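Asks: Have a look at this one.
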Amino acid sequence: MGSMENKTIARTLRLFSQLMELHNENPFKIKSLASAAFKVDKLPFRVAEKTLPELEKVDGLGKSTAAKVIELIETGAIAEMSSLIEATPEGVIEIMGIKGLGPKKVLVIWKDLGIESIGELYYACNENRLIEAKGFGLKTQEEIRNAIEFKIASNGRYLFAQTEEVAEPLILDILEIVPDTKISFVGEYRRKCEIIDSLEILIGSEDIETFATAIAELPYLTIIEKEGKQLVTGHQTGIKVDFNFCSADEFITELAFQTGTESHIAELKSKLGNPASNYASEEEIYAKAGIPYIEPELREGIFEFELAAKGKMPELVEWQSLKGSLHNHSTWSDGVHSLEEMALFCRDELKLEYLGICDHSKTAVYAKGLSEERVLAQHAEIDQLNAKLGGFKIFKGIESDILFDGSLDYSDDFLSRFDFVVASIHSVFRMTEEKATSRLIKAIENPYTTILGHPTGRLLLSRNGYPINYEKVIDACAANGVVIEINANPLRLDLDWRWHQYALNKGVRLSINPDAHKKEAFYHTRYGILAARKGGVTAADCLNALSANEISAYFKQRKGI
Ligand SMILES: [Zn+2]
Ligand SMILES: [Zn+2]
């Protein structure tokens, strides 16, 4: 008792007043709590050492607030506040902690947009969903996005896409410092892991001193530690950057030995026997080990040696392998660009043969989901565009919500009007594994489901997906001829690459879908390709590696036409 700091008391009172505002309590009480919080923060003495009569006399506190402060000091909580906390999802309270978000905005986010965690809020910013909401605009949305990125980043782990923004310019600067030196990314970043703990760079030089001096000049890097052949630094974004040094002769050997996971390297070393210190190429190392070359993405120590032993080393899918883009949004629902703009971008910039448009379905009211009537209007526009796009094809798709009972939100009769259907869960994520699995399987069994969209709903580093039984879900897709999406949004990358081999072995096809809500987001496809490569996926395994004619025939055959 008596040890609580004024700052803690002030912070608690502030949260109390915000919670009251969030729950529409008496405005006078809210105001007096907020001003008491402000007051306590500035008091020249320790509030915790005062008695109730003493506190009541403090200007700006008043009788009822003073009593609450005493309750807080004595019991560590305020009962009235605790019941408000209980009535508020944990994630919503976290959202209130984001810079620039007052209770009024949080209320709109929570009640109008149905968002209950920071991860969901971040995703909504990226999907451009906030600008439509009351009291928000593009500027506020950007501010919130930046604040969340900062929060996510401060956990010390980063998305591959975030790390890439730092890594690529950094390597150019390093090359200026050591121009004629062998240099390469190694570790997680070279393996294209979806989450990066530290960016590792191998340098074929033993002149660490000169390098460290030059590095100290880079405004965005700080040297944290210098030990042996390693220089540990921190980038201004918070990303840890490790430089590992070796002699130029050892460079290729070290490149191989620093890229794979521990278990991959152990297996490689045991196959190599006594490794030489200088090889001409990594291909030579794997050849010496008696196995085909293993791409860096696959060096996880999970299934690559098994594939090598069976002589089934896959030729991994590439950007050029893909002929079209399925699952994308336009201004018909929550996208930024019109259907025509999206189509022209695919045709003229990306040189694709087709675009599969999948705006949100009618249940997704928050995303301007399409009523049956608006679907028909969109189909008319697609027909018009297809007539004038000179062979480029727009396929009529929909991202149909999987309802809580697993059904889709249009009738079978209506679903048959689409060329293809992506079925996704967008609401009620809190489910047991059993419930989530049966909900998905019911949707998979719907004869009109073509693709299962983002199967777990996960948002990397910010929201776990709902728990699913992967085997059962994938087996159901196999049994019903349903394709599984690899959602290429760098926050999703869902289906997880660790399940790709299982799916392929069951004969399930995968589709690398950007889920683009604006033109630029088509480039997210690349992250989906990287994930697919980690999963050992080939072009032949991908639905959207089919040509426009092939996929058109595929859709028809699926529908039994
Ligand atoms: Zn979706
Ligand atoms: Zn979508």
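To be explicit about the labels: the chains of the structure tokens are called A, B, and onward in the order shown, and within each one the residues are counted from 1, while ligands get numbers from 1 in the order they are shown.
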Neighbours of Ala539 in chain A within 8 Å (only C-alpha atoms; same-chain residues fewer than 3 positions away dropped), as number ranges by chain?
Replies: A: 315-318, 321-322, 542, 545
Asks: With only C-alpha atoms and all ligand atoms counted, collect every polymer residue having an atom within 8 Å of ligand 1; state the result as a VMD selection string.
Replies: chain A and resid 360 399 424 to 426 453 to 454 515
Asks: With N, CA and C atoms kept, could you save the residues just selected as a PDB file, in the first residue's frame?
Replies:
ATOM      1  N   HIS A 360     -16.324  -8.556 -52.726  1.00  0.00           N
ATOM      2  CA  HIS A 360     -16.943  -9.177 -51.549  1.00  0.00           C
ATOM      3  C   HIS A 360     -18.414  -9.464 -51.786  1.00  0.00           C
ATOM      4  N   GLU A 399     -15.850 -13.330 -53.922  1.00  0.00           N
ATOM      5  CA  GLU A 399     -15.303 -13.857 -52.669  1.00  0.00           C
ATOM      6  C   GLU A 399     -16.497 -14.012 -51.742  1.00  0.00           C
ATOM      7  N   SER A 424     -14.413 -17.715 -48.388  1.00  0.00           N
ATOM      8  CA  SER A 424     -13.520 -17.261 -47.307  1.00  0.00           C
ATOM      9  C   SER A 424     -14.303 -16.940 -46.045  1.00  0.00           C
ATOM     10  N   ILE A 425     -13.633 -17.090 -44.912  1.00  0.00           N
ATOM     11  CA  ILE A 425     -14.218 -16.678 -43.633  1.00  0.00           C
ATOM     12  C   ILE A 425     -13.768 -15.253 -43.321  1.00  0.00           C
ATOM     13  N   HIS A 426     -14.737 -14.387 -43.006  1.00  0.00           N
ATOM     14  CA  HIS A 426     -14.409 -12.998 -42.648  1.00  0.00           C
ATOM     15  C   HIS A 426     -15.014 -12.574 -41.322  1.00  0.00           C
ATOM     16  N   GLY A 453     -10.376 -19.633 -49.885  1.00  0.00           N
ATOM     17  CA  GLY A 453      -9.569 -18.418 -49.682  1.00  0.00           C
ATOM     18  C   GLY A 453      -8.918 -18.391 -48.304  1.00  0.00           C
ATOM     19  N   HIS A 454      -7.747 -17.732 -48.205  1.00  0.00           N
ATOM     20  CA  HIS A 454      -6.975 -17.626 -46.940  1.00  0.00           C
ATOM     21  C   HIS A 454      -7.492 -18.554 -45.829  1.00  0.00           C
ATOM     22  N   ASP A 515      -5.024 -11.092 -53.869  1.00  0.00           N
ATOM     23  CA  ASP A 515      -6.107 -10.472 -53.096  1.00  0.00           C
ATOM     24  C   ASP A 515      -5.932  -8.954 -53.174  1.00  0.00           C
TER      25      ASP A 515
END
Asks: What lies within 12 Å of Glu284 in chain A using only C-alpha atoms, ignoring chain neighbours under 4 positions off, as a list in words?
Replies: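 Those residues are Ile252, Thr253, Ala256, Leu272, Pro275, Ala276, Asn278, Tyr279, Ala280, Lys288, Ala289, Gly290, Ile291, Pro292, Tyr293 and Ile294 of chain A.
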Asks: Let me see the file: selected residues, N, CA, C and O atoms, as a PDB file, in the first residue's frame.
Replies:
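selection.pdb written:
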ATOM      1  N   ILE A 252      32.230 -19.377 -50.736  1.00  0.00           N
ATOM      2  CA  ILE A 252      31.169 -20.268 -51.222  1.00  0.00           C
ATOM      3  C   ILE A 252      30.789 -21.311 -50.158  1.00  0.00           C
ATOM      4  O   ILE A 252      29.606 -21.575 -49.919  1.00  0.00           O
ATOM      5  N   THR A 253      31.790 -21.858 -49.492  1.00  0.00           N
ATOM      6  CA  THR A 253      31.506 -22.836 -48.437  1.00  0.00           C
ATOM      7  C   THR A 253      30.669 -22.192 -47.336  1.00  0.00           C
ATOM      8  O   THR A 253      29.664 -22.746 -46.887  1.00  0.00           O
ATOM      9  N   ALA A 256      27.041 -21.567 -48.294  1.00  0.00           N
ATOM     10  CA  ALA A 256      26.203 -22.756 -48.145  1.00  0.00           C
ATOM     11  C   ALA A 256      25.955 -23.072 -46.673  1.00  0.00           C
ATOM     12  O   ALA A 256      24.843 -23.406 -46.284  1.00  0.00           O
ATOM     13  N   LEU A 272      28.564 -34.557 -47.048  1.00  0.00           N
ATOM     14  CA  LEU A 272      29.808 -34.074 -47.655  1.00  0.00           C
ATOM     15  C   LEU A 272      31.027 -34.798 -47.095  1.00  0.00           C
ATOM     16  O   LEU A 272      32.073 -34.863 -47.736  1.00  0.00           O
ATOM     17  N   PRO A 275      34.371 -31.518 -45.738  1.00  0.00           N
ATOM     18  CA  PRO A 275      34.219 -30.490 -46.766  1.00  0.00           C
ATOM     19  C   PRO A 275      35.543 -29.774 -47.064  1.00  0.00           C
ATOM     20  O   PRO A 275      36.350 -29.560 -46.155  1.00  0.00           O
ATOM     21  N   ALA A 276      35.741 -29.440 -48.325  1.00  0.00           N
ATOM     22  CA  ALA A 276      36.896 -28.621 -48.677  1.00  0.00           C
ATOM     23  C   ALA A 276      36.581 -27.192 -48.284  1.00  0.00           C
ATOM     24  O   ALA A 276      35.425 -26.843 -48.053  1.00  0.00           O
ATOM     25  N   ASN A 278      37.388 -24.488 -50.139  1.00  0.00           N
ATOM     26  CA  ASN A 278      36.999 -23.658 -51.275  1.00  0.00           C
ATOM     27  C   ASN A 278      36.356 -24.427 -52.423  1.00  0.00           C
ATOM     28  O   ASN A 278      36.917 -25.357 -52.964  1.00  0.00           O
ATOM     29  N   TYR A 279      35.134 -24.010 -52.725  1.00  0.00           N
ATOM     30  CA  TYR A 279      34.378 -24.562 -53.843  1.00  0.00           C
ATOM     31  C   TYR A 279      34.135 -23.429 -54.836  1.00  0.00           C
ATOM     32  O   TYR A 279      34.159 -22.253 -54.476  1.00  0.00           O
ATOM     33  N   ALA A 280      33.866 -23.801 -56.066  1.00  0.00           N
ATOM     34  CA  ALA A 280      33.623 -22.780 -57.092  1.00  0.00           C
ATOM     35  C   ALA A 280      32.183 -22.290 -57.036  1.00  0.00           C
ATOM     36  O   ALA A 280      31.876 -21.146 -57.377  1.00  0.00           O
ATOM     37  N   LYS A 288      28.978 -32.603 -54.826  1.00  0.00           N
ATOM     38  CA  LYS A 288      29.939 -33.383 -54.014  1.00  0.00           C
ATOM     39  C   LYS A 288      29.213 -34.192 -52.944  1.00  0.00           C
ATOM     40  O   LYS A 288      29.654 -35.271 -52.557  1.00  0.00           O
ATOM     41  N   ALA A 289      28.091 -33.645 -52.461  1.00  0.00           N
ATOM     42  CA  ALA A 289      27.312 -34.345 -51.435  1.00  0.00           C
ATOM     43  C   ALA A 289      26.451 -35.445 -52.055  1.00  0.00           C
ATOM     44  O   ALA A 289      25.762 -36.180 -51.343  1.00  0.00           O
ATOM     45  N   GLY A 290      26.479 -35.516 -53.378  1.00  0.00           N
ATOM     46  CA  GLY A 290      25.756 -36.582 -54.075  1.00  0.00           C
ATOM     47  C   GLY A 290      24.266 -36.329 -54.216  1.00  0.00           C
ATOM     48  O   GLY A 290      23.479 -37.256 -54.364  1.00  0.00           O
ATOM     49  N   ILE A 291      23.855 -35.063 -54.146  1.00  0.00           N
ATOM     50  CA  ILE A 291      22.430 -34.759 -54.299  1.00  0.00           C
ATOM     51  C   ILE A 291      22.257 -33.590 -55.272  1.00  0.00           C
ATOM     52  O   ILE A 291      23.190 -32.826 -55.493  1.00  0.00           O
ATOM     53  N   PRO A 292      21.056 -33.464 -55.858  1.00  0.00           N
ATOM     54  CA  PRO A 292      20.833 -32.314 -56.746  1.00  0.00           C
ATOM     55  C   PRO A 292      20.905 -30.998 -55.976  1.00  0.00           C
ATOM     56  O   PRO A 292      20.725 -30.996 -54.754  1.00  0.00           O
ATOM     57  N   TYR A 293      21.151 -29.934 -56.701  1.00  0.00           N
ATOM     58  CA  TYR A 293      21.217 -28.614 -56.087  1.00  0.00           C
ATOM     59  C   TYR A 293      19.893 -28.302 -55.386  1.00  0.00           C
ATOM     60  O   TYR A 293      18.805 -28.573 -55.913  1.00  0.00           O
ATOM     61  N   ILE A 294      19.970 -27.755 -54.181  1.00  0.00           N
ATOM     62  CA  ILE A 294      18.754 -27.389 -53.443  1.00  0.00           C
ATOM     63  C   ILE A 294      18.663 -25.863 -53.365  1.00  0.00           C
ATOM     64  O   ILE A 294      19.582 -25.201 -52.873  1.00  0.00           O
TER      65      ILE A 294
END
Asks: Could you give me, as a PyMOL selection string, every polymer residue with an atom at most 12 Å away from an atom of ligand 2, counting only C-alpha atoms and all ligand atoms?
Replies: chain A and resi 123-124+126-127+326-330+333-335+356-361+364+367+369+397-401+421-426+451-455+457+485-489+492+513-518+521
Asks: Keeping N, CA and C atoms, export the residues of the selection given above as a short mmCIF file (atom, residue, chain, number, x, y, z; two decimals), in the first residue's frame.
Replies:
data_model
loop_
_atom_site.label_atom_id
_atom_site.label_comp_id
_atom_site.auth_asym_id
_atom_site.auth_seq_id
_atom_site.Cartn_x
_atom_site.Cartn_y
_atom_site.Cartn_z
N TYR A 123 -4.97 -4.69 -41.12
CA TYR A 123 -5.41 -5.26 -42.38
C TYR A 123 -6.47 -4.38 -43.02
N ALA A 124 -7.37 -3.85 -42.19
CA ALA A 124 -8.43 -2.98 -42.71
C ALA A 124 -7.83 -1.71 -43.33
N ASN A 126 -4.93 -1.55 -44.78
CA ASN A 126 -4.36 -1.97 -46.05
C ASN A 126 -5.43 -2.25 -47.08
N GLU A 127 -6.61 -2.62 -46.62
CA GLU A 127 -7.71 -2.88 -47.55
C GLU A 127 -8.52 -1.63 -47.80
N LEU A 326 -6.05 -14.41 -59.93
CA LEU A 326 -7.41 -14.66 -59.44
C LEU A 326 -7.57 -14.02 -58.06
N HIS A 327 -8.79 -13.80 -57.64
CA HIS A 327 -9.09 -13.20 -56.33
C HIS A 327 -8.54 -11.78 -56.18
N ASN A 328 -9.26 -10.83 -56.75
CA ASN A 328 -8.92 -9.42 -56.62
C ASN A 328 -10.18 -8.59 -56.47
N HIS A 329 -10.02 -7.39 -55.93
CA HIS A 329 -11.18 -6.54 -55.64
C HIS A 329 -11.14 -5.26 -56.46
N SER A 330 -12.31 -4.67 -56.67
CA SER A 330 -12.40 -3.41 -57.43
C SER A 330 -13.28 -2.46 -56.64
N SER A 333 -16.57 -3.35 -54.68
CA SER A 333 -16.67 -3.54 -53.22
C SER A 333 -15.67 -2.60 -52.55
N ASP A 334 -14.62 -3.13 -51.92
CA ASP A 334 -13.74 -2.25 -51.14
C ASP A 334 -12.41 -1.95 -51.81
N GLY A 335 -12.31 -2.12 -53.12
CA GLY A 335 -11.06 -1.82 -53.81
C GLY A 335 -10.91 -0.33 -54.10
N GLY A 356 -9.14 -12.52 -62.55
CA GLY A 356 -10.33 -13.05 -61.88
C GLY A 356 -10.75 -12.03 -60.84
N ILE A 357 -11.92 -11.44 -61.04
CA ILE A 357 -12.36 -10.42 -60.08
C ILE A 357 -13.26 -11.10 -59.05
N CYS A 358 -12.97 -10.84 -57.79
CA CYS A 358 -13.73 -11.49 -56.70
C CYS A 358 -14.07 -10.45 -55.66
N ASP A 359 -15.02 -9.59 -55.97
CA ASP A 359 -15.40 -8.60 -54.96
C ASP A 359 -16.13 -9.31 -53.83
N HIS A 360 -16.32 -8.56 -52.73
CA HIS A 360 -16.94 -9.18 -51.55
C HIS A 360 -18.41 -9.46 -51.79
N SER A 361 -18.91 -10.46 -51.07
CA SER A 361 -20.29 -10.89 -51.23
C SER A 361 -21.20 -10.11 -50.28
N ALA A 364 -20.71 -9.23 -46.44
CA ALA A 364 -19.62 -8.33 -46.04
C ALA A 364 -20.05 -6.88 -46.23
N ALA A 367 -17.63 -4.03 -46.28
CA ALA A 367 -16.77 -3.90 -47.45
C ALA A 367 -17.60 -3.66 -48.71
N GLY A 369 -20.16 -5.21 -49.76
CA GLY A 369 -20.41 -6.50 -50.43
C GLY A 369 -21.57 -6.42 -51.41
N GLY A 397 -15.79 -13.74 -60.86
CA GLY A 397 -15.65 -14.46 -59.60
C GLY A 397 -16.32 -13.70 -58.48
N ILE A 398 -16.32 -14.30 -57.31
CA ILE A 398 -16.86 -13.64 -56.12
C ILE A 398 -16.08 -14.18 -54.93
N GLU A 399 -15.85 -13.33 -53.92
CA GLU A 399 -15.30 -13.86 -52.67
C GLU A 399 -16.50 -14.01 -51.74
N SER A 400 -17.04 -15.21 -51.71
CA SER A 400 -18.28 -15.44 -50.98
C SER A 400 -17.97 -15.77 -49.52
N ASP A 401 -18.63 -15.04 -48.61
CA ASP A 401 -18.42 -15.28 -47.18
C ASP A 401 -18.89 -16.67 -46.78
N VAL A 421 -15.78 -19.39 -57.73
CA VAL A 421 -16.11 -18.86 -56.41
C VAL A 421 -14.96 -19.10 -55.44
N VAL A 422 -14.51 -18.01 -54.81
CA VAL A 422 -13.55 -18.14 -53.71
C VAL A 422 -14.36 -18.07 -52.42
N ALA A 423 -14.24 -19.08 -51.58
CA ALA A 423 -14.99 -19.09 -50.32
C ALA A 423 -14.05 -18.75 -49.17
N SER A 424 -14.41 -17.72 -48.39
CA SER A 424 -13.52 -17.26 -47.31
C SER A 424 -14.30 -16.94 -46.05
N ILE A 425 -13.63 -17.09 -44.91
CA ILE A 425 -14.22 -16.68 -43.63
C ILE A 425 -13.77 -15.25 -43.32
N HIS A 426 -14.74 -14.39 -43.01
CA HIS A 426 -14.41 -13.00 -42.65
C HIS A 426 -15.01 -12.57 -41.32
N ILE A 451 -12.31 -22.28 -55.02
CA ILE A 451 -11.06 -22.05 -54.30
C ILE A 451 -11.39 -21.75 -52.84
N LEU A 452 -10.62 -22.35 -51.93
CA LEU A 452 -10.74 -21.98 -50.52
C LEU A 452 -9.80 -20.80 -50.27
N GLY A 453 -10.38 -19.63 -49.89
CA GLY A 453 -9.57 -18.42 -49.68
C GLY A 453 -8.92 -18.39 -48.30
N HIS A 454 -7.75 -17.73 -48.21
CA HIS A 454 -6.97 -17.63 -46.94
C HIS A 454 -7.49 -18.55 -45.83
N PRO A 455 -7.08 -19.84 -45.89
CA PRO A 455 -7.71 -20.90 -45.07
C PRO A 455 -7.74 -20.69 -43.56
N GLY A 457 -7.15 -17.44 -41.97
CA GLY A 457 -7.44 -16.06 -41.58
C GLY A 457 -6.32 -15.41 -40.79
N GLU A 485 -6.04 -21.63 -51.86
CA GLU A 485 -5.32 -20.39 -52.14
C GLU A 485 -4.05 -20.30 -51.32
N ILE A 486 -3.00 -19.76 -51.96
CA ILE A 486 -1.87 -19.23 -51.20
C ILE A 486 -2.08 -17.73 -51.28
N ASN A 487 -2.69 -17.15 -50.26
CA ASN A 487 -2.95 -15.72 -50.30
C ASN A 487 -1.62 -15.00 -50.21
N ALA A 488 -1.32 -14.16 -51.21
CA ALA A 488 0.03 -13.61 -51.35
C ALA A 488 0.25 -12.31 -50.58
N ASN A 489 -0.79 -11.82 -49.92
CA ASN A 489 -0.58 -10.63 -49.10
C ASN A 489 0.51 -10.95 -48.08
N ARG A 492 -0.42 -12.33 -44.83
CA ARG A 492 -1.18 -13.58 -44.76
C ARG A 492 -0.32 -14.80 -45.10
N ASN A 513 -2.72 -16.11 -55.12
CA ASN A 513 -3.65 -14.99 -55.33
C ASN A 513 -3.24 -13.75 -54.54
N PRO A 514 -3.10 -12.60 -55.21
CA PRO A 514 -2.67 -11.40 -54.48
C PRO A 514 -3.75 -10.80 -53.60
N ASP A 515 -5.02 -11.09 -53.87
CA ASP A 515 -6.11 -10.47 -53.10
C ASP A 515 -5.93 -8.95 -53.17
N ALA A 516 -5.62 -8.48 -54.39
CA ALA A 516 -5.29 -7.06 -54.57
C ALA A 516 -6.53 -6.18 -54.41
N HIS A 517 -6.37 -5.10 -53.65
CA HIS A 517 -7.44 -4.11 -53.50
C HIS A 517 -7.08 -2.82 -54.23
N LYS A 518 -5.91 -2.82 -54.87
CA LYS A 518 -5.50 -1.71 -55.73
C LYS A 518 -4.46 -2.25 -56.70
N ALA A 521 -1.01 -3.55 -55.62
CA ALA A 521 -1.01 -4.77 -54.79
C ALA A 521 -0.91 -6.05 -55.61
#
Asks: Identify, on the basis of only C-alpha atoms, every residue whose closest approach to Arg509 in chain A does not exceed 10 Å; exclude the query and any residue fewer than 2 positions from it along the same chain; express the result as a list in words.
Replies: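 Those residues are Ile451, Cys477, Ala478, Gly481, Val482, Val483, Ile484, Glu485, His500, Ala503, Leu504, Asn505, Lys506, Gly507, Ser511, Val537, Ala540, Asp541, Cys542, Leu543 and Asn544 of chain A.
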Asks: From the set A:Leu339, A:Ile109, A:Ala377, A:Leu440, which residue has the shortest atom-to-atom contact distance to Leu403 in chain A, counting only C-alpha atoms?
Replies: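 When distances to Leu403 in chain A are compared using only C-alpha atoms, the smallest one comes from A:Leu440.
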Asks: Grab the CA of Thr449 in chain A to CA of Asp409 in chain A distance for me, in Å with one decimal place.
Replies: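 We find that CA of Thr449 in chain A and CA of Asp409 in chain A lie 11.7 Å from each other.
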Asks: Running DSSP on the backbone, which parts of range 161-287 of chain A land in strand (DSSP E), as JSON, numbers by chain?
Replies: {"A": [183, 184, 185, 186, 195, 196, 198, 199, 200, 201, 202, 203, 221, 222, 223, 224, 225, 226, 227, 230, 231, 232, 233, 234, 235, 240, 241, 242, 243, 244, 245]}
Asks: To one decimal in Å, tell me the separation between CA of Gly114 in chain A and CA of Ile95 in chain A.
Replies: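 Rounded to one decimal, the two atoms are 12.7 Å apart.
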Asks: Which residue gives the smallest distance to Glu74 in chain A among A:Asp59, A:Asp173, A:Glu225, A:Glu49, with only C-alpha atoms counted?
Replies: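 Of the candidates, the smallest distance to Glu74 in chain A is held by A:Glu49.
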Asks: At what distance in Å, to one decimal, does CA of Ala147 in chain A lie from CA of Ile512 in chain A?
Replies: 29.7 Å
Asks: DSSP says alpha helix (DSSP H) for which residues of range 180-384 of chain A? Put them as a PyMOL selection string?
Replies: chain A and resi 187-190+208-215+251-259+262-272+282-288+304-309+339-344+372-384
Asks: Please list as a tab-separated table (two decimals) with N, CA and C atoms, in the first residue's frame every residue within 10 Å of Val69 in chain A, counting only C-alpha atoms and excluding residues in the same chain fewer than 5 positions away.
Replies:
chain	number	residue	atom	x	y	z
A	9	ILE	N	-1.35	6.02	-11.53
A	9	ILE	CA	-2.71	6.42	-11.16
A	9	ILE	C	-3.33	7.26	-12.28
A	10	ALA	N	-2.54	8.19	-12.79
A	10	ALA	CA	-3.04	9.05	-13.87
A	10	ALA	C	-3.41	8.23	-15.10
A	12	THR	N	-4.25	5.11	-15.23
A	12	THR	CA	-5.44	4.31	-14.97
A	12	THR	C	-6.71	5.16	-15.08
A	13	LEU	N	-6.65	6.36	-14.51
A	13	LEU	CA	-7.82	7.23	-14.58
A	13	LEU	C	-8.13	7.61	-16.04
A	36	ALA	N	-9.14	14.81	-13.85
A	36	ALA	CA	-8.43	14.31	-12.66
A	36	ALA	C	-7.13	13.61	-13.08
A	40	VAL	N	-3.57	14.68	-11.58
A	40	VAL	CA	-2.72	13.77	-10.78
A	40	VAL	C	-1.31	13.70	-11.36
A	47	VAL	N	0.47	11.02	-4.45
A	47	VAL	CA	-0.95	10.82	-4.13
A	47	VAL	C	-1.13	9.61	-3.19
A	48	ALA	N	-0.33	8.58	-3.41
A	48	ALA	CA	-0.49	7.33	-2.65
A	48	ALA	C	-0.22	7.51	-1.17
A	52	LEU	N	-7.90	9.84	2.37
A	52	LEU	CA	-9.09	10.25	1.62
A	52	LEU	C	-9.47	11.71	1.89
A	55	LEU	N	-7.16	13.98	0.04
A	55	LEU	CA	-7.35	13.96	-1.42
A	55	LEU	C	-8.61	14.72	-1.85
A	61	LEU	N	-10.04	17.26	-8.00
A	61	LEU	CA	-10.29	15.82	-7.80
A	61	LEU	C	-11.75	15.55	-7.41
A	64	SER	N	-15.96	12.00	-5.35
A	64	SER	CA	-16.13	10.65	-5.90
A	64	SER	C	-14.83	10.16	-6.56
A	74	GLU	N	-5.55	1.15	-2.71
A	74	GLU	CA	-5.66	0.10	-1.69
A	74	GLU	C	-5.86	-1.29	-2.28
A	75	THR	N	-6.61	-1.39	-3.39
A	75	THR	CA	-6.92	-2.72	-3.92
A	75	THR	C	-6.23	-3.03	-5.25
A	76	GLY	N	-5.60	-2.02	-5.84
A	76	GLY	CA	-4.92	-2.24	-7.12
A	76	GLY	C	-5.87	-2.16	-8.31
A	77	ALA	N	-7.16	-1.89	-8.06
A	77	ALA	CA	-8.12	-1.80	-9.17
A	77	ALA	C	-9.31	-0.95	-8.74
A	78	ILE	N	-10.14	-0.55	-9.73
A	78	ILE	CA	-11.37	0.14	-9.42
A	78	ILE	C	-12.50	-0.74	-9.95
Asks: Residues near Pro44 in chain A, anyone? I mean within 12 Å using only C-alpha atoms, not counting same-chain ones fewer than 4 positions away, as a list of chain:residue names.
Replies: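 The residues that qualify are A:Glu5, A:Asn6, A:Lys7, A:Lys39, A:Val40, A:Val58.
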Asks: Create the file for the chosen residues now, containing all heavy atoms and written as a compact mmCIF listing (two decimals), in the first residue's frame.
Replies:
# COMPACT_ATOMS: atom_id res chain seq x y z
N GLU A 5 2.75 4.82 -8.11
CA GLU A 5 3.25 6.10 -8.64
C GLU A 5 2.09 6.97 -9.14
O GLU A 5 1.09 6.44 -9.63
CB GLU A 5 4.17 5.84 -9.85
CG GLU A 5 5.40 5.01 -9.56
CD GLU A 5 6.53 5.88 -9.06
OE1 GLU A 5 6.46 7.12 -9.22
OE2 GLU A 5 7.48 5.32 -8.49
N ASN A 6 2.29 8.29 -9.09
CA ASN A 6 1.28 9.19 -9.65
C ASN A 6 1.00 8.89 -11.12
O ASN A 6 -0.13 8.95 -11.58
CB ASN A 6 1.76 10.65 -9.53
CG ASN A 6 1.62 11.16 -8.10
OD1 ASN A 6 1.34 10.39 -7.18
ND2 ASN A 6 1.83 12.45 -7.91
N LYS A 7 2.07 8.57 -11.85
CA LYS A 7 1.94 8.30 -13.29
C LYS A 7 0.99 7.13 -13.54
O LYS A 7 0.15 7.17 -14.44
CB LYS A 7 3.31 7.95 -13.90
CG LYS A 7 4.15 9.14 -14.24
CD LYS A 7 4.71 9.01 -15.67
CE LYS A 7 5.37 10.30 -16.14
NZ LYS A 7 4.57 11.51 -15.96
N LYS A 39 -4.63 16.17 -13.79
CA LYS A 39 -4.24 16.81 -12.54
C LYS A 39 -3.22 15.95 -11.76
O LYS A 39 -2.17 16.43 -11.35
CB LYS A 39 -5.51 16.99 -11.68
CG LYS A 39 -5.33 17.86 -10.48
CD LYS A 39 -5.70 19.27 -10.82
CE LYS A 39 -4.98 20.20 -9.85
NZ LYS A 39 -5.08 21.58 -10.26
N VAL A 40 -3.57 14.68 -11.58
CA VAL A 40 -2.72 13.77 -10.78
C VAL A 40 -1.31 13.70 -11.36
O VAL A 40 -0.32 13.68 -10.63
CB VAL A 40 -3.36 12.35 -10.73
CG1 VAL A 40 -2.37 11.32 -10.20
CG2 VAL A 40 -4.61 12.37 -9.87
N VAL A 58 -8.04 18.20 -2.65
CA VAL A 58 -7.19 18.60 -3.79
C VAL A 58 -8.07 19.16 -4.89
O VAL A 58 -9.05 18.54 -5.30
CB VAL A 58 -6.38 17.39 -4.32
CG1 VAL A 58 -5.63 17.78 -5.59
CG2 VAL A 58 -5.42 16.89 -3.26
